[in-house]
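For reference, final36.pdb (PDB, C-alpha atoms):
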```
ATOM      1  CA  MET V 432     223.052 154.767  94.533
ATOM      2  CA  LYS V 433     223.983 156.316  91.185
ATOM      3  CA  LYS V 434     225.928 153.154  90.276
ATOM      4  CA  LEU V 435     222.870 151.063  91.155
ATOM      5  CA  PHE V 436     220.648 153.291  88.994
ATOM      6  CA  ARG V 437     223.057 153.084  86.069
ATOM      7  CA  PHE V 438     223.182 149.285  86.438
ATOM      8  CA  ALA V 439     219.387 149.010  86.540
ATOM      9  CA  SER V 440     219.042 151.309  83.519
ATOM     10  CA  ALA V 441     221.585 149.292  81.573
ATOM     11  CA  ALA V 442     219.773 146.092  82.450
ATOM     12  CA  LEU V 443     216.440 147.523  81.322
ATOM     13  CA  CYS V 444     217.936 148.804  78.082
ATOM     14  CA  GLY V 445     219.544 145.426  77.457
ATOM     15  CA  ALA V 446     216.268 143.672  78.081
ATOM     16  CA  PHE V 447     214.499 146.092  75.740
ATOM     17  CA  LEU V 448     217.047 145.540  73.006
ATOM     18  CA  LEU V 449     216.770 141.774  73.366
ATOM     19  CA  THR V 450     212.984 141.999  73.199
ATOM     20  CA  ALA V 451     213.144 144.266  70.145
ATOM     21  CA  ALA V 452     215.572 141.905  68.436
ATOM     22  CA  SER V 453     213.316 138.995  69.273
ATOM     23  CA  CYS V 454     210.275 140.800  67.831
ATOM     24  CA  ALA V 455     212.201 141.732  64.714
ATOM     25  CA  GLY V 456     213.247 138.122  64.371
ATOM     26  CA  GLU V 457     209.630 137.027  64.658
ATOM     27  CA  ASP V 458     208.645 139.489  61.922
ATOM     28  CA  ARG V 459     211.416 138.226  59.660
ATOM     29  CA  ASP V 460     210.413 134.649  60.364
ATOM     30  CA  LYS V 461     206.685 135.239  59.823
ATOM     31  CA  VAL V 462     205.104 132.759  57.411
ATOM     32  CA  TYR V 463     201.998 134.061  55.658
ATOM     33  CA  SER V 464     199.199 131.590  54.945
ATOM     34  CA  VAL V 465     197.605 131.617  51.485
ATOM     35  CA  TYR V 466     194.407 129.657  50.798
ATOM     36  CA  ALA V 467     192.578 128.896  47.544
ATOM     37  CA  PRO V 468     189.773 126.510  46.557
ATOM     38  CA  ASP V 469     190.765 123.641  44.311
ATOM     39  CA  GLY V 470     190.065 124.131  40.621
ATOM     40  CA  ALA V 471     190.671 127.144  38.382
ATOM     41  CA  PRO V 472     191.303 129.571  41.306
ATOM     42  CA  ALA V 473     194.161 127.384  42.555
ATOM     43  CA  LEU V 474     195.928 127.753  39.200
ATOM     44  CA  ALA V 475     196.435 131.410  40.059
ATOM     45  CA  LEU V 476     198.861 130.340  42.801
ATOM     46  CA  ALA V 477     201.039 128.103  40.607
ATOM     47  CA  ARG V 478     203.658 130.776  39.878
ATOM     48  CA  ALA V 479     203.905 131.726  43.538
ATOM     49  CA  ILE V 480     204.205 128.106  44.654
ATOM     50  CA  ALA V 481     206.907 127.471  42.054
ATOM     51  CA  ALA V 482     208.965 130.336  43.483
ATOM     52  CA  GLY V 483     209.609 128.267  46.620
ATOM     53  CA  ASP V 484     209.402 131.386  48.779
ATOM     54  CA  GLU V 485     209.419 130.186  52.389
ATOM     55  CA  GLU V 486     207.731 133.393  53.503
ATOM     56  CA  PHE V 487     204.427 131.939  52.262
ATOM     57  CA  ALA V 488     202.612 128.678  53.034
ATOM     58  CA  TYR V 489     200.082 127.608  50.390
ATOM     59  CA  HIS V 490     196.924 125.569  51.003
ATOM     60  CA  VAL V 491     194.578 124.260  48.289
ATOM     61  CA  VAL V 492     191.291 123.288  49.934
ATOM     62  CA  ASP V 493     187.790 122.058  49.166
ATOM     63  CA  SER V 494     185.775 124.894  47.619
ATOM     64  CA  SER V 495     182.935 124.267  50.076
ATOM     65  CA  THR V 496     185.195 125.192  53.005
ATOM     66  CA  ILE V 497     186.964 128.297  51.679
ATOM     67  CA  GLN V 498     184.841 130.752  53.656
ATOM     68  CA  THR V 499     185.912 129.181  56.940
ATOM     69  CA  PHE V 500     189.444 130.506  56.461
ATOM     70  CA  VAL V 501     188.382 134.166  56.295
ATOM     71  CA  THR V 502     185.701 134.201  58.983
ATOM     72  CA  GLY V 503     185.591 133.967  62.762
ATOM     73  CA  GLU V 504     187.315 136.033  65.416
ATOM     74  CA  THR V 505     190.812 135.057  64.275
ATOM     75  CA  PRO V 506     190.669 134.099  60.562
ATOM     76  CA  GLN V 507     193.380 131.668  59.482
ATOM     77  CA  ALA V 508     194.129 133.071  56.039
ATOM     78  CA  ASP V 509     196.527 135.966  55.596
ATOM     79  CA  PHE V 510     195.730 135.864  51.881
ATOM     80  CA  CYS V 511     192.791 134.048  50.283
ATOM     81  CA  VAL V 512     191.423 133.385  46.805
ATOM     82  CA  LEU V 513     187.638 133.018  46.732
ATOM     83  CA  PRO V 514     184.643 133.681  44.461
ATOM     84  CA  VAL V 515     183.931 137.387  44.110
ATOM     85  CA  ASN V 516     180.319 137.085  45.223
ATOM     86  CA  LEU V 517     181.329 135.238  48.388
ATOM     87  CA  ALA V 518     184.001 137.841  49.095
ATOM     88  CA  SER V 519     181.410 140.588  48.704
ATOM     89  CA  LYS V 520     179.062 138.964  51.202
ATOM     90  CA  LEU V 521     181.643 138.078  53.837
ATOM     91  CA  LEU V 522     184.278 140.803  53.530
ATOM     92  CA  GLY V 523     182.701 143.683  51.640
ATOM     93  CA  ASP V 524     183.156 146.349  54.302
ATOM     94  CA  GLY V 525     186.959 146.102  54.074
ATOM     95  CA  SER V 526     187.433 145.990  57.833
ATOM     96  CA  VAL V 527     189.216 142.625  58.043
ATOM     97  CA  TYR V 528     190.247 141.906  54.440
ATOM     98  CA  ARG V 529     190.737 144.011  51.339
ATOM     99  CA  MET V 530     190.670 142.909  47.718
ATOM    100  CA  LEU V 531     194.001 143.025  45.884
ATOM    101  CA  GLY V 532     192.572 142.073  42.492
ATOM    102  CA  THR V 533     190.819 139.570  40.259
ATOM    103  CA  VAL V 534     192.703 136.335  39.496
ATOM    104  CA  THR V 535     190.323 134.340  37.259
ATOM    105  CA  HIS V 536     187.859 135.558  34.649
ATOM    106  CA  GLY V 537     185.588 132.576  33.975
ATOM    107  CA  ASN V 538     185.891 128.969  32.829
ATOM    108  CA  MET V 539     182.419 128.146  31.462
ATOM    109  CA  TYR V 540     181.831 126.770  27.959
ATOM    110  CA  PHE V 541     178.851 125.675  25.887
ATOM    111  CA  LEU V 542     178.830 122.102  24.590
ATOM    112  CA  THR V 543     176.506 120.508  22.055
ATOM    113  CA  VAL V 544     176.191 117.546  19.718
ATOM    114  CA  ASN V 545     174.293 119.019  16.777
ATOM    115  CA  GLY V 546     173.829 122.691  17.623
ATOM    116  CA  GLU V 547     175.598 125.584  15.910
ATOM    117  CA  ALA V 548     178.385 127.540  17.591
ATOM    118  CA  LEU V 549     176.995 130.383  19.702
ATOM    119  CA  THR V 550     178.173 133.961  19.186
ATOM    120  CA  SER V 551     176.900 137.405  20.045
ATOM    121  CA  GLU V 552     175.230 137.517  16.625
ATOM    122  CA  ASN V 553     173.174 134.332  16.961
ATOM    123  CA  LEU V 554     172.673 133.901  20.707
ATOM    124  CA  SER V 555     168.934 134.402  20.228
ATOM    125  CA  SER V 556     168.896 131.057  18.395
ATOM    126  CA  LEU V 557     168.750 129.507  21.874
ATOM    127  CA  VAL V 558     165.113 130.592  22.218
ATOM    128  CA  GLY V 559     162.946 127.477  22.475
ATOM    129  CA  LYS V 560     165.973 125.287  23.181
ATOM    130  CA  THR V 561     167.094 123.744  26.454
ATOM    131  CA  VAL V 562     170.442 124.491  28.087
ATOM    132  CA  GLY V 563     171.654 122.234  30.891
ATOM    133  CA  VAL V 564     173.648 124.422  33.271
ATOM    134  CA  VAL V 565     176.168 123.161  35.794
ATOM    135  CA  GLN V 566     175.705 125.278  38.952
ATOM    136  CA  LEU V 567     172.602 127.036  37.647
ATOM    137  CA  ALA V 568     171.843 128.582  41.064
ATOM    138  CA  ASN V 569     175.397 129.821  41.583
ATOM    139  CA  VAL V 570     177.686 132.267  39.753
ATOM    140  CA  PRO V 571     177.931 130.254  36.477
ATOM    141  CA  GLY V 572     174.166 130.101  36.061
ATOM    142  CA  LEU V 573     173.639 133.658  37.278
ATOM    143  CA  THR V 574     176.266 134.896  34.819
ATOM    144  CA  LEU V 575     174.487 133.140  31.944
ATOM    145  CA  GLN V 576     171.242 134.798  33.039
ATOM    146  CA  ALA V 577     173.009 138.166  33.174
ATOM    147  CA  VAL V 578     174.309 137.629  29.627
ATOM    148  CA  LEU V 579     170.841 136.746  28.354
ATOM    149  CA  ASN V 580     169.468 139.872  30.055
ATOM    150  CA  ASP V 581     172.170 141.996  28.421
ATOM    151  CA  TYR V 582     171.178 140.637  25.014
ATOM    152  CA  GLY V 583     167.476 141.128  25.702
ATOM    153  CA  ILE V 584     166.744 137.399  25.457
ATOM    154  CA  ASP V 585     164.012 135.903  27.650
ATOM    155  CA  TYR V 586     164.747 132.772  29.619
ATOM    156  CA  ALA V 587     162.816 130.379  31.835
ATOM    157  CA  ILE V 588     164.001 128.065  34.587
ATOM    158  CA  VAL V 589     162.774 124.535  33.866
ATOM    159  CA  GLY V 590     161.078 123.180  36.968
ATOM    160  CA  ASN V 591     160.377 119.663  38.100
ATOM    161  CA  ASP V 592     157.436 119.414  35.710
ATOM    162  CA  GLY V 593     159.831 119.797  32.795
ATOM    163  CA  GLU V 594     157.470 122.117  30.933
ATOM    164  CA  LEU V 595     159.366 123.968  28.209
ATOM    165  CA  SER V 596     158.845 127.418  26.738
ATOM    166  CA  GLU V 597     158.863 128.030  23.005
ATOM    167  CA  THR V 598     159.480 131.753  23.434
ATOM    168  CA  ALA V 599     162.381 131.701  25.912
ATOM    169  CA  VAL V 600     165.663 129.913  26.539
ATOM    170  CA  ASN V 601     164.963 126.980  28.840
ATOM    171  CA  LEU V 602     167.573 126.697  31.588
ATOM    172  CA  LYS V 603     167.792 123.377  33.386
ATOM    173  CA  ALA V 604     169.983 122.612  36.404
ATOM    174  CA  THR V 605     172.398 119.713  35.998
ATOM    175  CA  ASP V 606     175.691 118.484  37.360
ATOM    176  CA  ALA V 607     178.814 117.474  35.473
ATOM    177  CA  ALA V 608     177.671 113.838  35.352
ATOM    178  CA  GLY V 609     174.498 114.950  33.597
ATOM    179  CA  VAL V 610     176.424 116.620  30.781
ATOM    180  CA  THR V 611     175.992 113.867  28.231
ATOM    181  CA  PRO V 612     174.681 113.473  24.679
ATOM    182  CA  ALA V 613     171.839 111.428  26.148
ATOM    183  CA  GLY V 614     170.926 114.096  28.727
ATOM    184  CA  GLY V 615     168.085 115.580  26.706
ATOM    185  CA  CYS V 616     169.463 119.127  26.339
ATOM    186  CA  ASP V 617     170.308 120.971  23.150
ATOM    187  CA  TYR V 618     173.291 122.635  24.830
ATOM    188  CA  TYR V 619     175.172 122.409  28.108
ATOM    189  CA  LEU V 620     177.091 125.060  30.006
ATOM    190  CA  CYS V 621     179.986 123.289  31.688
ATOM    191  CA  PRO V 622     183.187 124.362  33.489
ATOM    192  CA  GLU V 623     186.734 123.350  32.733
ATOM    193  CA  PRO V 624     188.269 120.806  33.090
ATOM    194  CA  ALA V 625     185.016 118.822  32.810
ATOM    195  CA  ALA V 626     184.191 120.487  29.480
ATOM    196  CA  SER V 627     187.380 119.267  27.799
ATOM    197  CA  THR V 628     186.977 115.813  29.319
ATOM    198  CA  LYS V 629     183.460 115.574  27.872
ATOM    199  CA  THR V 630     184.571 116.599  24.388
ATOM    200  CA  ALA V 631     187.445 114.109  24.480
ATOM    201  CA  LYS V 632     185.293 111.150  25.519
ATOM    202  CA  THR V 633     181.834 111.828  24.000
ATOM    203  CA  PRO V 634     180.354 113.269  20.774
ATOM    204  CA  LEU V 635     179.895 116.627  22.540
ATOM    205  CA  VAL V 636     181.857 119.529  21.024
ATOM    206  CA  PHE V 637     182.635 123.069  22.133
ATOM    207  CA  ALA V 638     179.957 125.487  20.955
ATOM    208  CA  GLY V 639     180.586 128.802  22.670
ATOM    209  CA  ASP V 640     182.424 130.755  25.323
ATOM    210  CA  LEU V 641     180.406 132.382  28.125
ATOM    211  CA  GLN V 642     183.312 134.672  28.962
ATOM    212  CA  ALA V 643     183.451 136.125  25.446
ATOM    213  CA  LEU V 644     179.678 136.614  25.462
ATOM    214  CA  TYR V 645     179.905 138.507  28.754
ATOM    215  CA  GLY V 646     182.685 140.805  27.575
ATOM    216  CA  GLU V 647     186.090 140.940  25.956
ATOM    217  CA  ASP V 648     187.920 140.189  29.219
ATOM    218  CA  GLY V 649     185.427 137.726  30.674
ATOM    219  CA  TYR V 650     183.843 138.328  34.061
ATOM    220  CA  PRO V 651     185.443 138.695  37.517
ATOM    221  CA  GLN V 652     185.143 135.152  38.819
ATOM    222  CA  ALA V 653     187.636 134.738  41.680
ATOM    223  CA  VAL V 654     189.503 137.431  43.590
ATOM    224  CA  ILE V 655     192.349 137.494  46.077
ATOM    225  CA  VAL V 656     192.042 139.297  49.398
ATOM    226  CA  ALA V 657     194.625 140.128  52.055
ATOM    227  CA  LYS V 658     194.200 140.944  55.715
ATOM    228  CA  THR V 659     193.854 144.684  56.071
ATOM    229  CA  SER V 660     196.879 144.756  58.380
ATOM    230  CA  LEU V 661     199.057 143.356  55.559
ATOM    231  CA  VAL V 662     197.965 145.701  52.792
ATOM    232  CA  GLY V 663     200.890 147.737  51.520
ATOM    233  CA  THR V 664     203.541 145.647  53.292
ATOM    234  CA  ASP V 665     206.528 144.104  51.554
ATOM    235  CA  ALA V 666     204.894 140.672  51.855
ATOM    236  CA  CYS V 667     201.737 141.953  50.182
ATOM    237  CA  GLU V 668     203.651 143.573  47.340
ATOM    238  CA  LYS V 669     205.663 140.393  46.844
ATOM    239  CA  ALA V 670     202.452 138.333  46.667
ATOM    240  CA  VAL V 671     201.031 140.696  44.055
ATOM    241  CA  GLY V 672     204.268 140.397  42.073
ATOM    242  CA  TYR V 673     203.860 136.629  41.860
ATOM    243  CA  LEU V 674     200.233 137.002  40.803
ATOM    244  CA  GLU V 675     201.172 139.435  38.045
ATOM    245  CA  GLU V 676     203.400 136.732  36.563
ATOM    246  CA  SER V 677     200.796 133.949  36.827
ATOM    247  CA  ALA V 678     199.379 134.101  33.291
ATOM    248  CA  GLU V 679     202.796 134.037  31.622
ATOM    249  CA  TYR V 680     203.984 131.269  33.917
ATOM    250  CA  LEU V 681     200.965 129.058  33.194
ATOM    251  CA  ALA V 682     201.309 129.582  29.455
ATOM    252  CA  SER V 683     204.968 128.545  29.445
ATOM    253  CA  THR V 684     204.977 125.661  31.961
ATOM    254  CA  ALA V 685     204.209 122.004  31.314
ATOM    255  CA  ALA V 686     200.815 120.938  32.618
ATOM    256  CA  ALA V 687     202.398 117.990  34.450
ATOM    257  CA  ASP V 688     204.595 120.378  36.433
ATOM    258  CA  ILE V 689     201.571 122.443  37.447
ATOM    259  CA  VAL V 690     199.720 119.313  38.578
ATOM    260  CA  SER V 691     202.705 118.392  40.721
ATOM    261  CA  LEU V 692     202.857 121.854  42.290
ATOM    262  CA  LEU V 693     199.184 121.775  43.296
ATOM    263  CA  ASP V 694     199.325 118.164  44.508
ATOM    264  CA  GLY V 695     201.934 119.214  47.034
ATOM    265  CA  LYS V 696     199.644 121.866  48.552
ATOM    266  CA  ARG V 697     196.252 120.166  48.477
ATOM    267  CA  THR V 698     194.496 119.186  51.691
ATOM    268  CA  GLU V 699     195.130 115.523  52.437
ATOM    269  CA  GLY V 700     192.338 113.326  51.116
ATOM    270  CA  LEU V 701     190.911 115.978  48.775
ATOM    271  CA  SER V 702     190.192 114.605  45.299
ATOM    272  CA  PRO V 703     192.041 116.865  42.829
ATOM    273  CA  SER V 704     190.182 118.905  40.230
ATOM    274  CA  PHE V 705     193.240 118.742  37.983
ATOM    275  CA  THR V 706     195.162 115.581  37.188
ATOM    276  CA  ALA V 707     197.800 114.560  34.679
ATOM    277  CA  GLU V 708     194.953 113.206  32.562
ATOM    278  CA  ASN V 709     192.689 116.256  32.431
ATOM    279  CA  LEU V 710     195.033 119.248  32.692
ATOM    280  CA  THR V 711     196.294 120.353  29.294
ATOM    281  CA  ALA V 712     197.546 123.608  27.845
ATOM    282  CA  GLU V 713     194.090 124.152  26.345
ATOM    283  CA  VAL V 714     192.368 123.627  29.697
ATOM    284  CA  ILE V 715     194.770 126.031  31.377
ATOM    285  CA  ALA V 716     194.052 128.681  28.743
ATOM    286  CA  ASN V 717     190.305 128.079  29.115
ATOM    287  CA  CYS V 718     190.499 128.776  32.853
ATOM    288  CA  SER V 719     191.243 132.456  32.089
ATOM    289  CA  VAL V 720     193.816 133.005  34.827
ATOM    290  CA  SER V 721     195.339 136.476  34.915
ATOM    291  CA  PHE V 722     195.750 139.115  37.583
ATOM    292  CA  THR V 723     193.933 142.440  37.343
ATOM    293  CA  ALA V 724     194.626 144.837  40.202
ATOM    294  CA  SER V 725     191.685 146.295  42.098
ATOM    295  CA  ALA V 726     192.406 149.774  40.765
ATOM    296  CA  ALA V 727     191.812 148.454  37.241
ATOM    297  CA  CYS V 728     188.795 146.227  37.927
ATOM    298  CA  LYS V 729     186.872 147.998  40.712
ATOM    299  CA  ASP V 730     184.147 149.315  38.399
ATOM    300  CA  GLU V 731     183.875 145.963  36.620
ATOM    301  CA  VAL V 732     183.478 144.091  39.906
ATOM    302  CA  ASN V 733     180.850 146.528  41.169
ATOM    303  CA  ALA V 734     178.900 146.157  37.929
ATOM    304  CA  PHE V 735     179.099 142.369  38.047
ATOM    305  CA  LEU V 736     177.890 142.249  41.647
ATOM    306  CA  GLN V 737     174.944 144.459  40.724
ATOM    307  CA  LYS V 738     174.029 142.115  37.870
ATOM    308  CA  LEU V 739     174.120 139.104  40.187
ATOM    309  CA  MET V 740     171.970 140.861  42.778
ATOM    310  CA  SER V 741     169.431 141.907  40.138
ATOM    311  CA  ILE V 742     168.849 138.213  39.428
ATOM    312  CA  ASN V 743     169.146 136.922  43.004
ATOM    313  CA  ALA V 744     169.356 139.511  45.779
ATOM    314  CA  GLY V 745     171.073 136.999  48.051
ATOM    315  CA  ALA V 746     173.773 135.997  45.565
ATOM    316  CA  ALA V 747     176.101 138.914  46.369
ATOM    317  CA  SER V 748     176.342 142.172  48.277
ATOM    318  CA  ALA V 749     177.337 145.700  47.383
ATOM    319  CA  VAL V 750     180.787 146.472  48.771
ATOM    320  CA  SER V 751     182.286 149.628  50.241
ATOM    321  CA  ASP V 752     185.132 151.535  48.630
ATOM    322  CA  ALA V 753     187.287 150.388  51.552
ATOM    323  CA  PHE V 754     187.021 146.818  50.250
ATOM    324  CA  TYR V 755     189.335 147.655  47.360
ATOM    325  CA  TYR V 756     193.061 148.142  47.814
ATOM    326  CA  LEU V 757     193.927 150.744  45.205
ATOM    327  CA  GLY V 758     197.594 151.240  46.001
TER     328      GLY V 758
END
```
Could you express the structure from this file as C-alpha cells?
Amino acid sequence: MKKLFRFASAALCGAFLLTAASCAGEDRDKVYSVYAPDGAPALALARAIAAGDEEFAYHVVDSSTIQTFVTGETPQADFCVLPVNLASKLLGDGSVYRMLGTVTHGNMYFLTVNGEALTSENLSSLVGKTVGVVQLANVPGLTLQAVLNDYGIDYAIVGNDGELSETAVNLKATDAAGVTPAGGCDYYLCPEPAASTKTAKTPLVFAGDLQALYGEDGYPQAVIVAKTSLVGTDACEKAVGYLEESAEYLASTAAADIVSLLDGKRTEGLSPSFTAENLTAEVIANCSVSFTASAACKDEVNAFLQKLMSINAGAASAVSDAFYYLG
C-alpha cells in the first residue's frame, strides 16, 4: 500500500512538474501584440520594430479602427498607441489598461501664401482672418481653440452661411484636399506629412507651429497604454526602453528605412500615411515623436484633457490616478 502511495505521489509530482514547465514555456514563448494607428503615432514604434524582438508583434492599423483593439471583453492589444483623448474616454479608470507615457507631441502647422509667420507675439493678427483647419472638430482643431483661449483671442466657427467675423479669428473646417492657395483661407492648419507635401507642390509656405504656440514641449497628442496585468513586467519595461530610444533612432535613421519598417507591419490594403516620397527628415522632426513617461507628464495630460473638455465636453474625459503607471 505504501509503495502504491509513493508511486501515485511520484506520478502526481511528475505531472505537476511537467505542467509547470509547460506553463513556464508558454510564458517564455508569449508574444505581446502592439497596435498603433498609421501616421505620426506609428513612427513611435520604429525603433522597437527595428530591434527585431520576437517577443513583440507590431500592427499598424487604420486610425478609425484603433479603439476596437482596446475594447470588448477580451481586448486584442497588449500595448496600444492611441490619441490621448480617446484613451481618456475608453480607458481612463485604469482597470484594464494603464498609460505608460506620451509618445507624440503634435504635428500641426500653419500654412499661408501671403500671410506673415505666426508667433506668440503676433497671434492676434489672425483676428478678422480665416483659418482652414484640418480636423476642426477633433483634437487638432480643439487644440487650436485652446491656444486661442490661452492667448485671450476670440474665435468663431464659420458655418454653412460663410458669414465672417471682423472681431474674431474665423475657423473653417476643411480636409487635406482643401488646403490649397485657391481655397479662400488666409491660413491653413494642416498635419504632417500633408503640410510638407503642400509646401513642396504649391505656393503655400510654413507660417507657424501649433506645438510651439501651445507650449515649449508641444501638447500630449498620442499615448501608449499597456494592459494592467503587464504593468511592471519585464516585457513592459523592455517596451518602455525601446520607446525611450525612439527620438534618437528616428533622428539618425534614413527615412527610406523607416518607411520599409512600417510597410512591413501595416494592415494589408491600408494606404500608407508615409511613403518614400513624403517622408523626409524634416517631416519626421515635425511629427514631434519622443517618449515622456507618465510620471513626468501626468499633470500636463490632465491639464490638456481639461482644456479639451472646456471646449467640447464630449471630446475627452477626466481620468483617475490609477490610469497612470508611475513606476
Hits of the PyMOL selection byres ((chain V and resi 626-641) around 10) in this structure, as a PyMOL selection string: chain V and resi 537-551+554+571+574-575+578+607-608+610-612+618-625+642-646+649-650+708-711+713-714+717
Hits from the PyMOL selection byres ((chain V and resi 489) around 7), listed as number ranges by chain: V: 464-466, 487-488, 490-491, 696
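Nearest to Lys738 (chain V) of all the residues V:Val570, V:Leu521, V:Ala726, V:Leu757 is V:Val570, counting only C-alpha atoms.
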Residues matched by the PyMOL selection byres ((chain V and resi 519) around 12) as a count of residues only: 39
All residues 10 Å or closer to region 679-685 of chain V, all atoms listed in the file, same chain fewer than 5 positions away omitted, as a ChimeraX atom specification: /V:474-479,481,673-674,690,710-713,715-716,720-721
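Take CA of Phe705 (chain V) and CA of Ile480 (chain V): the distance between them is 15.9 Å.
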Nearest to Asn601 (chain V) by atom-to-atom distance, counting all atoms listed in the file, from V:Leu557, V:Ile689, V:Gly483, V:Tyr582: V:Leu557
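We find CA of Thr535 (chain V) and CA of Asp648 (chain V) to be spaced 10.2 Å apart.
When CA of Gly470 (chain V) is paired with CA of Ala687 (chain V), their separation reads 15.1 Å.
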Residue among V:Ala613, V:Ala657, V:Ala467, V:Leu701 lying closest to Val527 (chain V), counting all atoms listed in the file: V:Ala657
Residue nearest Asp688 (chain V) - candidates V:Ala707, V:Ala482, V:Leu567, V:Cys667, atoms counted: only C-alpha atoms: V:Ala707
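Take the candidates V:Cys728, V:Ala471, V:Val600, V:Cys511 and check each one against Gly583 (chain V) using all atoms listed in the file; the shortest distance goes to V:Val600.
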Counting only C-alpha atoms, the residue of V:Ser725, V:Thr505, V:Ser596, V:Ser702 that sits nearest Val558 (chain V): V:Ser596
